[in-house]
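Asker: Got a file for you: coords_23.csv, CSV, C-alpha atoms and all ligand atoms.
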chain,number,residue,atom,x,y,z
A,1,MET,CA,0.0,0.0,0.0
A,2,HIS,CA,2.7,2.5,1.0
A,3,LEU,CA,5.4,1.3,-1.3
A,4,PRO,CA,6.3,4.4,-3.4
A,5,LYS,CA,4.9,3.8,-6.9
A,6,ALA,CA,4.0,5.5,-10.2
A,7,GLU,CA,0.5,5.2,-11.5
A,8,LEU,CA,0.7,4.9,-15.3
A,9,HIS,CA,-2.7,3.7,-16.3
A,10,LEU,CA,-5.5,5.7,-14.8
A,11,HIS,CA,-8.5,7.2,-16.5
A,12,ILE,CA,-9.5,10.3,-14.6
A,13,GLU,CA,-13.1,9.8,-15.5
A,14,GLY,CA,-12.9,6.4,-13.9
A,15,THR,CA,-12.1,8.0,-10.6
A,16,LEU,CA,-15.6,9.5,-10.3
A,17,GLU,CA,-16.9,8.0,-7.0
A,18,PRO,CA,-20.7,7.8,-6.6
A,19,GLU,CA,-20.7,10.4,-3.8
A,20,LEU,CA,-19.0,13.0,-6.1
A,21,ALA,CA,-21.2,12.0,-9.0
A,22,PHE,CA,-24.3,12.8,-7.0
A,23,ALA,CA,-22.9,16.0,-5.6
A,24,LEU,CA,-22.0,17.2,-9.1
A,25,ALA,CA,-25.4,16.0,-10.5
A,26,GLU,CA,-27.1,18.2,-8.0
A,27,ARG,CA,-24.9,21.2,-8.5
A,28,ASN,CA,-25.3,21.0,-12.3
A,29,GLY,CA,-29.0,20.0,-12.4
A,30,VAL,CA,-28.2,16.7,-14.1
A,31,ALA,CA,-30.7,13.9,-13.5
A,32,LEU,CA,-29.1,10.5,-12.7
A,33,PRO,CA,-31.1,7.3,-13.3
A,34,TYR,CA,-30.3,6.1,-9.8
A,35,ALA,CA,-31.9,7.2,-6.5
A,36,THR,CA,-28.9,6.7,-4.2
A,37,THR,CA,-25.2,6.0,-4.2
A,38,ASP,CA,-25.9,2.5,-3.1
A,39,GLU,CA,-28.2,1.9,-6.0
A,40,LEU,CA,-25.5,3.3,-8.3
A,41,ARG,CA,-22.8,1.1,-6.8
A,42,ALA,CA,-25.1,-1.9,-7.3
A,43,ALA,CA,-24.9,-1.2,-11.0
A,44,TYR,CA,-21.2,-1.8,-11.0
A,45,ARG,CA,-21.4,-5.4,-12.2
A,46,PHE,CA,-19.9,-5.9,-15.6
A,47,ASP,CA,-19.8,-8.7,-18.2
A,48,ASP,CA,-17.1,-7.2,-20.4
A,49,LEU,CA,-15.4,-3.9,-21.4
A,50,GLN,CA,-18.5,-2.6,-23.3
A,51,SER,CA,-20.9,-3.1,-20.4
A,52,PHE,CA,-18.6,-1.0,-18.2
A,53,LEU,CA,-18.0,1.7,-20.9
A,54,ASP,CA,-21.8,2.2,-21.2
A,55,LEU,CA,-22.1,3.2,-17.5
A,56,TYR,CA,-18.7,5.1,-17.6
A,57,TYR,CA,-19.8,7.3,-20.4
A,58,ALA,CA,-23.3,7.8,-19.0
A,59,LEU,CA,-22.1,8.9,-15.6
A,60,MET,CA,-19.7,11.5,-17.1
A,61,ALA,CA,-22.8,13.7,-17.8
A,62,VAL,CA,-22.3,15.2,-14.4
A,63,LEU,CA,-18.9,16.7,-15.4
A,64,ARG,CA,-19.6,20.2,-16.8
A,65,THR,CA,-17.4,23.0,-15.5
A,66,GLU,CA,-13.7,23.6,-15.0
A,67,GLU,CA,-14.3,23.3,-11.3
A,68,ASP,CA,-15.9,19.9,-11.7
A,69,PHE,CA,-12.8,18.6,-13.5
A,70,ALA,CA,-10.5,20.2,-10.9
A,71,GLU,CA,-12.5,18.6,-8.0
A,72,LEU,CA,-12.3,15.2,-9.8
A,73,VAL,CA,-8.5,15.5,-10.0
A,74,ASP,CA,-8.1,16.7,-6.4
A,75,ALA,CA,-10.2,13.8,-5.1
A,76,TYR,CA,-8.1,11.3,-7.1
A,77,LEU,CA,-4.8,12.8,-6.0
A,78,ALA,CA,-5.7,12.7,-2.3
A,79,ARG,CA,-6.6,9.0,-2.6
A,80,ALA,CA,-3.5,8.2,-4.7
A,81,ALA,CA,-1.1,10.0,-2.4
A,82,ALA,CA,-2.6,8.0,0.6
A,83,GLN,CA,-1.7,4.8,-1.3
A,84,GLY,CA,2.0,5.6,-2.0
A,85,VAL,CA,1.6,7.1,-5.5
A,86,ARG,CA,4.4,9.6,-6.0
A,87,HIS,CA,4.0,10.2,-9.7
A,88,ALA,CA,0.8,9.8,-11.9
A,89,GLU,CA,0.4,9.9,-15.6
A,90,ILE,CA,-3.3,10.5,-16.1
A,91,PHE,CA,-5.5,9.6,-19.0
A,92,PHE,CA,-8.5,11.7,-20.0
A,93,ASP,CA,-11.1,11.3,-22.8
A,94,PRO,CA,-11.7,14.7,-24.4
A,95,GLN,CA,-14.1,13.3,-27.0
A,96,ALA,CA,-16.4,12.0,-24.3
A,97,HIS,CA,-16.8,15.6,-23.1
A,98,THR,CA,-16.8,17.6,-26.3
A,99,ALA,CA,-19.5,15.2,-27.7
A,100,ARG,CA,-21.7,16.4,-24.8
A,101,GLY,CA,-21.0,20.1,-25.6
A,102,VAL,CA,-18.3,20.6,-23.0
A,103,PRO,CA,-15.5,22.6,-24.7
A,104,ILE,CA,-12.1,20.9,-24.7
A,105,GLY,CA,-10.6,24.0,-23.1
A,106,THR,CA,-12.9,23.6,-20.1
A,107,VAL,CA,-11.7,20.0,-19.7
A,108,ILE,CA,-8.0,20.6,-20.0
A,109,GLU,CA,-7.9,23.9,-18.0
A,110,GLY,CA,-10.0,22.3,-15.3
A,111,LEU,CA,-7.8,19.2,-15.1
A,112,GLY,CA,-4.7,21.4,-15.5
A,113,ARG,CA,-5.6,23.8,-12.7
A,114,ALA,CA,-5.7,20.9,-10.2
A,115,LEU,CA,-2.6,19.2,-11.6
A,116,GLU,CA,-0.4,22.2,-11.5
A,117,ARG,CA,-0.7,22.5,-7.7
A,118,SER,CA,-0.5,18.7,-7.2
A,119,GLU,CA,3.1,18.5,-6.0
A,120,GLU,CA,2.5,21.2,-3.5
A,121,THR,CA,-0.9,19.9,-2.3
A,122,HIS,CA,-0.5,16.2,-2.5
A,123,GLY,CA,3.2,15.6,-3.1
A,124,VAL,CA,2.5,13.8,-6.4
A,125,SER,CA,4.1,14.8,-9.7
A,126,THR,CA,1.8,14.4,-12.7
A,127,GLN,CA,1.5,14.3,-16.4
A,128,LEU,CA,-1.6,14.3,-18.7
A,129,ILE,CA,-2.2,11.8,-21.5
A,130,MET,CA,-4.9,12.7,-24.0
A,131,CYS,CA,-6.7,9.5,-25.2
A,132,PHE,CA,-8.7,9.1,-28.3
A,133,LEU,CA,-11.8,6.9,-28.4
A,134,ARG,CA,-11.0,4.2,-30.9
A,135,ASP,CA,-14.7,3.4,-31.6
A,136,LEU,CA,-14.9,6.9,-33.1
A,137,SER,CA,-13.2,7.8,-36.4
A,138,ALA,CA,-9.6,8.8,-37.1
A,139,GLU,CA,-11.0,12.1,-38.4
A,140,SER,CA,-12.6,12.8,-35.1
A,141,ALA,CA,-9.3,12.0,-33.3
A,142,LEU,CA,-7.4,14.3,-35.7
A,143,GLY,CA,-10.0,17.1,-35.1
A,144,THR,CA,-9.5,16.6,-31.3
A,145,LEU,CA,-5.7,16.8,-31.6
A,146,ASP,CA,-6.1,20.0,-33.6
A,147,ALA,CA,-8.5,21.5,-31.0
A,148,ALA,CA,-6.0,20.6,-28.2
A,149,LYS,CA,-3.2,22.6,-29.9
A,150,PRO,CA,-3.7,25.7,-27.6
A,151,TYR,CA,-3.3,23.4,-24.6
A,152,LEU,CA,-0.4,21.2,-25.6
A,153,HIS,CA,1.9,22.6,-22.9
A,154,ARG,CA,-0.3,20.7,-20.5
A,155,ILE,CA,-0.1,17.4,-22.4
A,156,SER,CA,2.8,15.0,-22.6
A,157,ALA,CA,1.4,12.0,-24.5
A,158,ILE,CA,-1.5,10.6,-26.4
A,159,GLY,CA,-3.3,7.3,-25.9
A,160,LEU,CA,-6.0,5.1,-27.4
A,161,ASP,CA,-8.8,3.7,-25.4
A,162,SER,CA,-12.5,2.6,-25.4
A,163,ALA,CA,-14.0,-0.5,-27.2
A,164,GLU,CA,-11.0,-2.4,-28.6
A,165,VAL,CA,-12.2,-5.3,-30.7
A,166,GLY,CA,-12.9,-4.2,-34.3
A,167,HIS,CA,-10.9,-1.0,-33.9
A,168,PRO,CA,-7.3,-2.0,-34.6
A,169,PRO,CA,-4.4,0.5,-33.8
A,170,ALA,CA,-3.6,1.0,-37.5
A,171,LYS,CA,-6.9,2.9,-37.9
A,172,PHE,CA,-5.0,5.7,-36.0
A,173,ARG,CA,-1.7,5.8,-37.9
A,174,GLU,CA,-2.1,9.4,-39.2
A,175,VAL,CA,-3.2,10.6,-35.7
A,176,TYR,CA,0.0,9.1,-34.1
A,177,GLU,CA,2.1,10.6,-36.9
A,178,ALA,CA,0.7,14.0,-36.3
A,179,ALA,CA,1.2,13.7,-32.6
A,180,THR,CA,4.8,12.6,-33.1
A,181,ALA,CA,5.4,15.7,-35.2
A,182,LEU,CA,4.0,17.8,-32.2
A,183,GLY,CA,6.5,16.2,-29.9
A,184,LEU,CA,4.1,14.1,-27.9
A,185,ARG,CA,4.9,10.7,-26.5
A,186,LYS,CA,2.8,7.7,-27.4
A,187,VAL,CA,0.9,4.9,-25.6
A,188,ALA,CA,-2.1,2.8,-26.6
A,189,HIS,CA,-4.5,0.2,-25.0
A,190,ALA,CA,-3.8,-3.1,-26.8
A,191,GLY,CA,-4.4,-6.7,-25.9
A,192,GLU,CA,-7.0,-6.1,-23.2
A,193,GLU,CA,-9.8,-7.7,-25.2
A,194,GLY,CA,-8.1,-7.5,-28.6
A,195,PRO,CA,-5.7,-10.1,-30.0
A,196,PRO,CA,-1.9,-10.1,-29.8
A,197,GLU,CA,-1.8,-8.7,-33.4
A,198,TYR,CA,-3.2,-5.4,-32.0
A,199,ILE,CA,-0.1,-5.2,-29.7
A,200,ARG,CA,2.2,-5.7,-32.7
A,201,GLU,CA,0.3,-3.0,-34.6
A,202,ALA,CA,0.5,-0.5,-31.7
A,203,LEU,CA,4.3,-1.0,-31.7
A,204,ASP,CA,4.9,-1.2,-35.4
A,205,VAL,CA,2.3,1.2,-36.9
A,206,LEU,CA,1.8,3.7,-34.0
A,207,GLY,CA,5.3,3.5,-32.4
A,208,VAL,CA,4.0,3.3,-28.9
A,209,GLU,CA,6.5,3.4,-26.0
A,210,ARG,CA,4.3,1.5,-23.5
A,211,VAL,CA,1.4,-0.9,-24.0
A,212,ASP,CA,-1.6,-0.3,-21.8
A,213,HIS,CA,-2.8,-3.8,-20.6
A,214,GLY,CA,-1.0,-6.0,-23.2
A,215,LEU,CA,-2.3,-9.0,-21.3
A,216,ARG,CA,-3.0,-11.1,-24.4
A,217,CYS,CA,0.6,-11.0,-25.5
A,218,LEU,CA,0.8,-14.3,-23.6
A,219,GLU,CA,-0.9,-16.0,-26.6
A,220,ASP,CA,2.0,-15.2,-28.8
A,221,PRO,CA,5.4,-16.4,-27.5
A,222,GLU,CA,7.4,-14.6,-30.2
A,223,LEU,CA,5.7,-11.3,-29.2
A,224,VAL,CA,6.5,-12.0,-25.6
A,225,GLU,CA,10.1,-12.5,-26.6
A,226,ARG,CA,10.1,-9.2,-28.4
A,227,LEU,CA,8.5,-7.3,-25.5
A,228,VAL,CA,11.1,-8.7,-23.2
A,229,ALA,CA,14.0,-8.0,-25.5
A,230,ASP,CA,12.9,-4.4,-26.1
A,231,ARG,CA,11.9,-3.9,-22.5
A,232,VAL,CA,8.5,-2.5,-23.5
A,233,PRO,CA,6.5,-1.6,-20.4
A,234,LEU,CA,3.0,-3.1,-19.9
A,235,THR,CA,0.6,-1.2,-17.7
A,236,LEU,CA,-1.4,-4.0,-16.2
A,237,CYS,CA,-4.6,-3.4,-14.2
A,238,PRO,CA,-5.3,-6.6,-12.2
A,239,LEU,CA,-8.6,-5.5,-10.5
A,240,SER,CA,-9.9,-4.2,-13.8
A,241,ASN,CA,-9.2,-7.5,-15.5
A,242,VAL,CA,-11.3,-9.3,-12.8
A,243,ARG,CA,-14.2,-6.9,-13.0
A,244,LEU,CA,-14.3,-6.9,-16.8
A,245,ARG,CA,-13.9,-10.7,-16.8
A,246,THR,CA,-10.6,-10.8,-18.7
A,247,VAL,CA,-9.5,-13.2,-16.0
A,248,ASP,CA,-11.7,-15.4,-13.9
A,249,THR,CA,-10.3,-14.5,-10.5
A,250,LEU,CA,-7.3,-12.6,-9.2
A,251,ALA,CA,-5.7,-15.9,-8.3
A,252,ASP,CA,-5.8,-16.8,-12.0
A,253,HIS,CA,-4.0,-13.5,-13.1
A,254,PRO,CA,-0.9,-14.2,-15.1
A,255,LEU,CA,1.2,-11.5,-13.5
A,256,PRO,CA,3.6,-13.9,-11.8
A,257,ALA,CA,4.2,-15.7,-15.0
A,258,MET,CA,4.7,-12.4,-16.8
A,259,LEU,CA,7.2,-11.3,-14.3
A,260,ALA,CA,9.0,-14.7,-14.5
A,261,ALA,CA,9.1,-14.3,-18.3
A,262,GLY,CA,11.0,-11.0,-17.8
A,263,LEU,CA,8.2,-8.7,-19.1
A,264,HIS,CA,8.4,-5.1,-17.8
A,265,CYS,CA,5.1,-5.3,-15.8
A,266,THR,CA,3.6,-2.4,-13.9
A,267,VAL,CA,0.5,-2.6,-11.7
A,268,ASN,CA,-2.1,0.2,-12.1
A,269,SER,CA,-5.8,0.9,-11.3
A,270,ASP,CA,-7.5,1.8,-14.6
A,271,ASP,CA,-10.9,3.0,-13.3
A,272,PRO,CA,-10.6,2.7,-9.6
A,273,ALA,CA,-14.0,4.0,-8.6
A,274,TYR,CA,-15.6,1.2,-10.7
A,275,PHE,CA,-13.2,-1.7,-10.3
A,276,GLY,CA,-12.7,-1.9,-6.5
A,277,GLY,CA,-9.5,0.0,-5.8
A,278,TYR,CA,-6.7,2.5,-6.3
A,279,ALA,CA,-3.1,1.7,-7.0
A,280,GLY,CA,-2.2,0.6,-3.5
A,281,ASP,CA,-5.4,-1.6,-3.4
A,282,ASN,CA,-4.2,-3.3,-6.6
A,283,PHE,CA,-0.8,-3.9,-5.1
A,284,ASP,CA,-2.3,-5.3,-1.9
A,285,ALA,CA,-4.7,-7.5,-3.9
A,286,VAL,CA,-2.1,-9.1,-6.1
A,287,ARG,CA,0.2,-9.6,-3.1
A,288,ASP,CA,-2.6,-11.5,-1.3
A,289,ALA,CA,-4.1,-13.4,-4.2
A,290,LEU,CA,-0.8,-14.3,-6.0
A,291,ALA,CA,1.5,-14.5,-2.9
A,292,LEU,CA,4.0,-12.0,-4.3
A,293,ASP,CA,7.0,-11.6,-2.1
A,294,PRO,CA,8.5,-8.2,-1.2
A,295,GLU,CA,11.1,-8.3,-3.9
A,296,GLN,CA,8.5,-8.9,-6.6
A,297,LEU,CA,6.5,-6.0,-5.2
A,298,ARG,CA,9.6,-3.9,-5.2
A,299,THR,CA,10.3,-4.9,-8.8
A,300,LEU,CA,6.8,-3.7,-9.8
A,301,ALA,CA,7.4,-0.4,-8.1
A,302,ARG,CA,10.8,0.0,-9.7
A,303,ASN,CA,9.3,-0.9,-13.1
A,304,SER,CA,6.7,1.9,-12.7
A,305,PHE,CA,9.3,4.6,-12.3
A,306,GLU,CA,11.5,3.2,-15.0
A,307,ALA,CA,8.5,3.2,-17.4
A,308,ALA,CA,7.4,6.8,-16.4
A,309,PHE,CA,7.8,9.6,-18.9
A,310,LEU,CA,10.5,11.3,-16.7
A,311,ASP,CA,13.2,11.6,-19.3
A,312,HIS,CA,13.3,15.3,-18.9
A,313,ASP,CA,13.8,15.0,-15.2
A,314,GLU,CA,16.1,12.0,-14.6
A,315,GLU,CA,17.0,13.4,-11.2
A,316,ARG,CA,13.5,13.0,-10.1
A,317,ARG,CA,13.3,9.5,-11.4
A,318,ALA,CA,16.5,8.6,-9.5
A,319,ARG,CA,15.0,10.1,-6.3
A,320,TYR,CA,11.9,8.0,-6.7
A,321,LEU,CA,13.9,4.9,-7.5
A,322,SER,CA,16.0,5.3,-4.4
A,323,GLU,CA,12.8,5.7,-2.3
A,324,VAL,CA,11.8,2.3,-3.7
A,325,GLU,CA,15.1,0.7,-2.8
A,326,ALA,CA,15.0,2.2,0.7
A,327,TYR,CA,11.4,1.1,1.4
A,328,ALA,CA,11.1,-1.3,4.4
A,329,PHE,CA,8.3,-3.8,4.2
A,330,ASP,CA,6.7,-4.5,7.5
A,401,LIG,C1,-11.1,1.7,-20.1
A,401,LIG,CL1,-10.6,-0.6,-18.8
A,401,LIG,C2,-10.7,0.4,-20.2
A,401,LIG,N1,-10.4,-0.1,-21.4
A,401,LIG,C3,-10.5,0.7,-22.5
A,401,LIG,N2,-10.9,1.9,-22.5
A,401,LIG,C4,-11.2,2.5,-21.3
A,401,LIG,N3,-11.6,3.7,-20.9
A,401,LIG,C5,-11.8,3.7,-19.6
A,401,LIG,N4,-11.5,2.5,-19.1
A,402,ZN,ZN,-7.5,1.6,-19.4
Would you mind writing the file's structure down as structure tokens?

Answerer:
Amino acid sequence: MHLPKAELHLHIEGTLEPELAFALAERNGVALPYATTDELRAAYRFDDLQSFLDLYYALMAVLRTEEDFAELVDAYLARAAAQGVRHAEIFFDPQAHTARGVPIGTVIEGLGRALERSEETHGVSTQLIMCFLRDLSAESALGTLDAAKPYLHRISAIGLDSAEVGHPPAKFREVYEAATALGLRKVAHAGEEGPPEYIREALDVLGVERVDHGLRCLEDPELVERLVADRVPLTLCPLSNVRLRTVDTLADHPLPAMLAAGLHCTVNSDDPAYFGGYAGDNFDAVRDALALDPEQLRTLARNSFEAAFLDHDEERRARYLSEVEAYAFD
């Protein structure tokens, strides 16, 4: 729980807890199809990625103003800091907001306002990763990238998320080329529900530097060999995999086998308000269900800082890494 760690796979919209959702709904005059927070929580039972996404997009309707986005970030950072997170690279889904008539500037300035005081307020360094919804068109993604141009100083990377199957990475080749030209780093969700081929495409066609999830690489031994050889970080999300039924139970999660294979695994929370826990909760859960020993946990924490986009601040990375090495498990 308190082991220093970097969170590298976190959708800020997925940190919207029922209590905040109801408070924002009231403040903004948005009607929710649930009477109480308990009733809403009871709806958090998912069959697959799409059944989750349906609720995730519906509940975002309560996010309308800069202040809403800033409050969302502040609430997340407080929880993350309490669970040992020292650095967070945070996804957001601009198209999920602009489609509802919320301007992209409202989203980014609201998030940015809370993020710029995060080190001071929470002791967490942060970056922002702008994700494109892969079930929308490449043109929509290009338009979003264009609309984000006045705010690029706040954004370090782009990502690709939402419904994976049927929307292969190659669909977004042009978008990733344009982002590269703008000096942005690149990640993408691949191999969560989609086949190993999507992971190859994300690497070969999009040039991603980390793979978000990447779980299904295990079906392709040659791909595993390549990911190990190239030390490509995978941002795994164990509790998410259980809730979205990618794995049957946490005890069945292949994380130990992936570590043993030499894959550069990290443990993250994905959508913690929906999936039963934040970064530290994910660490505790895999420790308990998979009997990970302290050195395996330390490796996961070390991996998270090694995979972080901290190339412009290697001193900071070294400081975080030395905190990991100095950590005493009790
Ligand atoms: C997501 Cl778990 C997951 N997968 C793909 N897209 C997402 N957006 C938010 N959570
Ligand atoms: Zn995700």

Asker: Near Leu244 (chain A), counting all atoms listed in the file, which residues have an atom at most 7 Å away, once you skip same-chain residues fewer than 6 positions from it, shown as a PDB file with C-alpha atoms, in the coordinates of the input?

Answerer:
ATOM      1  CA  PHE A  46     -19.900  -5.900 -15.600  1.00  0.00           C
ATOM      2  CA  ASP A  47     -19.800  -8.700 -18.200  1.00  0.00           C
ATOM      3  CA  ASP A  48     -17.100  -7.200 -20.400  1.00  0.00           C
ATOM      4  CA  LEU A  49     -15.400  -3.900 -21.400  1.00  0.00           C
TER       5      LEU A  49
END

Asker: Which residue gives the smallest distance to Gly276 (chain A) among A:Glu17, A:Glu7, A:Asp93, A:Glu306, with only C-alpha atoms counted?

Answerer: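 Of all the options, A:Glu17 lies closest to Gly276 (chain A).
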
Asker: Dump the neighbourhood of ligand ZN 402 (chain A) as a PyMOL selection string: all residues within 9 Å, distances computed on only C-alpha atoms and all ligand atoms.

Answerer: chain A and resi 9-11+91+160-162+189+192+212-213+235-237+240+269-271

Asker: With distances taken over all atoms listed in the file, which of A:His2, A:Arg134, A:His87, A:Arg100 is nearest to ligand LIG 401 (chain A)?

Answerer: A:Arg134

Asker: Show me, as a ChimeraX atom specification, the residues that have an atom within 10 Å of Leu239 (chain A) when counting all atoms listed in the file, minus same-chain residues fewer than 6 positions from it.

Answerer: /A:245-247,249-250,253,267-272,274-279,281-283,285-286

Asker: Just how far from CA of Glu67 (chain A) is CA of Ala25 (chain A), in Å to one decimal?

Answerer: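 Result for CA of Ala25 (chain A) versus CA of Glu67 (chain A): 13.3 Å, one decimal.
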
Asker: Which value, in Å to one decimal, gives the distance between CA of Leu223 (chain A) and CA of Gly159 (chain A)?

Answerer: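 Atom-to-atom, CA of Leu223 (chain A) and CA of Gly159 (chain A) are spaced 20.9 Å apart.
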
Asker: Might you pull out every residue within 10 Å of Ala251 (chain A), with all atoms listed in the file counted and same-chain residues fewer than 6 positions away left off, and present them as number ranges by chain?

Answerer: A: 242, 285-286, 288-291

Asker: Nearest to ligand LIG 401 (chain A) among A:Ser156, A:Ser137, A:Ser51, A:Gln83, with distances taken over all atoms listed in the file: which residue is it?

Answerer: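 Closest to ligand LIG 401 (chain A), using all atoms listed in the file: A:Ser51.
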
Asker: Neighbours of region 80-82 of chain A within 10 Å (only C-alpha atoms; same-chain residues fewer than 5 positions away dropped), as an NGL selection string?

Answerer: :A and (1-2 or 4-7 or 74-75 or 87-88 or 118 or 121-124 or 278-280)

Asker: Measuring between all atoms listed in the file, which one of A:Glu109, A:Asp38, A:Glu19, A:Asp135 shows the shortest distance to ligand LIG 401 (chain A)?

Answerer: A:Asp135

Asker: Record the distance separating CA of Arg45 (chain A) and CA of Asp248 (chain A), expressed in Å with one decimal.

Answerer: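 Straight-line distance from CA of Arg45 (chain A) to CA of Asp248 (chain A) works out to 14.0 Å.
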
Asker: Counting all atoms listed in the file, which residue out of A:Pro256, A:Pro94, A:Gly101, A:Pro150 sits closest to ligand LIG 401 (chain A)?

Answerer: A:Pro94

Asker: Could you pull the residues within 12 Å of Gly143 (chain A), counting only C-alpha atoms, minus those fewer than 2 positions along the same chain, as a ChimeraX atom specification?

Answerer: /A:94-95,98,104,132,136-141,145-149,174-175,178-179
